[in-house]
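**Student:** Can you keep this structure in mind? I'll have questions shortly.
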Amino acid sequence: MTAPGWPTELARAAAGPVICAMVLTGLLSAWAASSGAGTLARVQVKISEAAVPMRGFSRQTETGPAHTYLTIQDLGAADELVAVRSPVAPHVVLTRRDGPTARPVVVSGLPLPADGTLVLTPLTDDVVLEDPARFEGSADVPLTLVFRHAGTITIEAPVTGPDTP
């Protein structure tokens, strides 16, 4: 047997959560209407040049770090290259250089300006493959570029002659 006042009790029990949901919906709507939520920025990058030059033509010169040539175009909002991975190297570092004669400095990220281009070479900002396995006999070196906003992009960078893009 049910008590005669069960609809009233049910309405009273549901009132709290319903009121909370209405208040939260109103607050979120007001926040979004006042631009508090911001806007989604389209982040898209394009790799227009990629190469990993051989370290040399003989086994004696195929040691040490390997440098890269990369041209990365930003087709939207500003972003940042925060890491690069490759199966041929246990460590990959990003370096910044203030000029061709300056020493490279390891950095945690390289900025990619909105609608701009980031050019990486062994003489400028660079991606350095440290202690890579021998790759000189390969046609390509896989590189996974990690961006703060655009996510990851995996490319096959052609192996080129020493010091050539």
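Here, A, B, ... name the chains of the structure tokens in the order displayed, residue numbers run from 1 inside each chain, and ligands are numbered from 1 in the same displayed order.
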In chain A, what's alpha helix (DSSP H) per DSSP? Answer as a list in words?

**Tutor:**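 Taking chain A and keeping alpha helix (DSSP H) gives Trp6, Pro7, Thr8, Glu9, Leu10, Ala11, Arg12, Ala13, Ala14, Ala15, Gly16, Pro17, Val18, Ile19, Cys20, Ala21, Met22, Val23, Leu24, Thr25, Gly26, Leu27, Leu28, Ser29, Ala30, Trp31, Ala32 and Ala33 of chain A.
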
**Student:** Near Thr101 (chain A), counting only C-alpha atoms, which residues have an atom at most 10 Å away, once you skip same-chain residues fewer than 4 positions from it, shown as JSON, numbers by chain?

**Tutor:** {"A": [97, 123, 124]}

**Student:** Select, from A:Val127, A:Val105, A:Val88, A:Val146, the residue with the minimum atom-to-atom distance to Ala50 (chain A), counting only C-alpha atoms.

**Tutor:**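 Comparing A:Val127, A:Val105, A:Val88, A:Val146 against Ala50 (chain A), the winner is A:Val127.
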
**Student:** Residues at most 12 Å from His67 (chain A), counting only C-alpha atoms, excluding those fewer than 2 positions away in the same chain, as an MDAnalysis selection string?

**Tutor:** chainID A and resid 50:55 63:65 69:70 89 92:95 104 120:132 141 157 159:160 162:165

**Student:** Store the residues of this selection in a file with C-alpha atoms, as a PDB file, in the first residue's frame.

**Tutor:**
ATOM      1  CA  ALA A  50      61.719  17.775 -44.464  1.00  0.00           C
ATOM      2  CA  ALA A  51      65.138  16.145 -44.749  1.00  0.00           C
ATOM      3  CA  VAL A  52      67.692  14.396 -42.578  1.00  0.00           C
ATOM      4  CA  PRO A  53      71.133  14.734 -44.192  1.00  0.00           C
ATOM      5  CA  MET A  54      73.594  11.865 -44.018  1.00  0.00           C
ATOM      6  CA  ARG A  55      76.350  12.415 -41.496  1.00  0.00           C
ATOM      7  CA  THR A  63      78.630   8.891 -36.009  1.00  0.00           C
ATOM      8  CA  GLY A  64      77.435  11.661 -33.743  1.00  0.00           C
ATOM      9  CA  PRO A  65      74.182  13.582 -33.816  1.00  0.00           C
ATOM     10  CA  TYR A  69      65.883  20.472 -42.248  1.00  0.00           C
ATOM     11  CA  LEU A  70      62.207  21.215 -41.639  1.00  0.00           C
ATOM     12  CA  ALA A  89      67.207   7.973 -32.086  1.00  0.00           C
ATOM     13  CA  VAL A  92      65.666  14.005 -29.869  1.00  0.00           C
ATOM     14  CA  VAL A  93      66.179  17.584 -28.705  1.00  0.00           C
ATOM     15  CA  LEU A  94      64.972  20.952 -29.913  1.00  0.00           C
ATOM     16  CA  THR A  95      67.662  23.615 -30.080  1.00  0.00           C
ATOM     17  CA  PRO A 104      72.866  25.901 -29.826  1.00  0.00           C
ATOM     18  CA  LEU A 120      64.682  24.568 -38.900  1.00  0.00           C
ATOM     19  CA  THR A 121      68.212  23.914 -40.169  1.00  0.00           C
ATOM     20  CA  PRO A 122      71.515  22.820 -38.614  1.00  0.00           C
ATOM     21  CA  LEU A 123      72.575  26.511 -38.605  1.00  0.00           C
ATOM     22  CA  THR A 124      69.404  27.921 -36.969  1.00  0.00           C
ATOM     23  CA  ASP A 125      66.774  26.498 -34.650  1.00  0.00           C
ATOM     24  CA  ASP A 126      66.993  22.749 -35.112  1.00  0.00           C
ATOM     25  CA  VAL A 127      65.766  19.261 -34.315  1.00  0.00           C
ATOM     26  CA  VAL A 128      68.751  17.122 -33.324  1.00  0.00           C
ATOM     27  CA  LEU A 129      68.651  13.319 -33.322  1.00  0.00           C
ATOM     28  CA  GLU A 130      71.106  12.328 -30.590  1.00  0.00           C
ATOM     29  CA  ASP A 131      72.973   9.024 -30.873  1.00  0.00           C
ATOM     30  CA  PRO A 132      70.877   7.800 -33.803  1.00  0.00           C
ATOM     31  CA  VAL A 141      63.730   8.690 -41.408  1.00  0.00           C
ATOM     32  CA  ALA A 157      61.885  12.762 -43.903  1.00  0.00           C
ATOM     33  CA  VAL A 159      67.720  11.063 -46.220  1.00  0.00           C
ATOM     34  CA  THR A 160      69.799  13.474 -48.319  1.00  0.00           C
ATOM     35  CA  PRO A 162      75.616  15.528 -46.197  1.00  0.00           C
ATOM     36  CA  ASP A 163      74.762  19.174 -45.382  1.00  0.00           C
ATOM     37  CA  THR A 164      71.960  19.337 -47.954  1.00  0.00           C
ATOM     38  CA  PRO A 165      68.266  19.922 -47.478  1.00  0.00           C
TER      39      PRO A 165
END

**Student:** Of the residues A:Ile153, A:Gly161, A:Val18, A:Val23, which is the one nearest to Ser138 (chain A), using only C-alpha atoms?

**Tutor:**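 Answer, going by the shortest atom-to-atom distance: A:Gly161.
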